[in-house]
Amino acid sequence: MKLGRNDPCHCGSGKKFKRCCMSSVSKQHAQVFDDVEAMLAMNPNLSLDEINAVLQHKVQDRNNQPHPDFCGVTPTQMANWLYAPFDELQWVTISTPDSLSASPVMRYLALILDEAMAQEGSLKATSKGNLPTKLVKHASELLPEFAVAQFERDISISEFTGSNEDKFNALHYTRVLAEISGIIYRHSGRYHVKKSAQKRYRALGIQAFFKPMLEAAISKYNWGYLDGFEFDVDLRTFWLFMLWRIQSHNGMEQLIKEVMTAFPDLLLVFPTDDYFSPERNLSMLIESRFIERFLQFWGFVTIDPRRYINAEPVVRVVQVQPLLKQTFQFTIST
């Protein structure tokens, strides 16, 4: 979908696009108009058609020049990454890995489908509408098979294990994605696997649902669903840029700096207070929603959940897992 200058910006700031994330590109466009003014001063007899042709050429040329604020990505490339539908993304190939055994989300989905199809295509939900306790227990038992960093002490709600779905974020996330993707639905106190999904699962296995689940995760699922941040930015718009950068260098601090440089107006969403700066608020949002509850849920990365050790802040390093590079191959040259 093409975003107009006066449309609300996708970042969630509430501002018009021209006043928000368009600003970096607008700087280049302003330079184009300066060039045109200089050209008119030297060639005052140019016709309107000639001026438009020159202007169009200059804008296209600028848009296809690597932009330093975008880590060398051109404005044309960035526009595709920000606004193109999932199946129209360019400069990246998204593949379904041969094995999904290292992906918590896909392993949990397989558990749900297997349990339902063993019961003629559906399974009984709890009175609260959650997945049955027996399935939750089986999902918890998979934890040793995943490359995830765990707290050294028990906490009431865990990402990758729990006594029920309410206390098991990654499993709950998977179930929600499966519903959003149209793989399962709840009716009359049971979770049903759609007939078409059953057929695909029998024919192609869990790989059949990798891309539909991934598309739902980045375009339909609300990334703020599992947290209570007071100030909000829709990070889904920037997911591919952030993924490209974290795959390049693994550094959380560097990623935050690159996002702030590329999209400085994101900081305007957050107030400056006595507790956290706008930069710190944005950093916490990216760590929680993008790294921990997107990339890590899918098995693409791991990150130590500890932010402090002996009251000292920890330099957080993202460990890129093989599944990430098997899924995303970038063709951006910088």
# chains A, B, ... in the order shown; residues from 1 in each chain; ligands from 1
>>> closest_atom_pairs(of="region 173-274 of chain A", to="region 313-326 of chain A", cutoff="7 Å", atoms="only C-alpha atoms", output="tab-separated table")
residue	atom	partner	partner_atom	distance
A:Gln247	CA	A:Val320	CA	6.7
A:Asn250	CA	A:Val318	CA	5.0
A:Gly251	CA	A:Val317	CA	5.4
A:Met252	CA	A:Val317	CA	6.1
>>> residues_around(residues="Asp166 (chain A)", least_positions_apart="5", cutoff="12 Å", atoms="only C-alpha atoms", output="list of chain:residue names")
A:Thr126, A:Lys128, A:Gly129, A:Asn130, A:Leu131, A:Pro132, A:Thr133, A:Val136, A:Ser156, A:Ile157, A:Ser158, A:Glu159, A:Phe160, A:Thr161, A:Leu171, A:His172, A:Tyr173, A:Arg175, A:Leu226
>>> select_by_dssp(residues="region 75-195 of chain A", states="helix (DSSP H, G or I)", output="ChimeraX atom specification")
/A:75-83,86-88,104-117,133-140,143-145,165-167,169-180,195
>>> residues_around(residues="region 90-99 of chain A", least_positions_apart="3", cutoff="6 Å", atoms="only C-alpha atoms", output="list in words")
Gln326, Thr327, Phe328, Gln329, Phe330, Thr331 and Ile332 of chain A
>>> closest_residue(among="A:Ser101, A:Asp87, A:Ile309, A:Lys167", to="Glu145 (chain A)", atoms="only C-alpha atoms")
A:Ser101
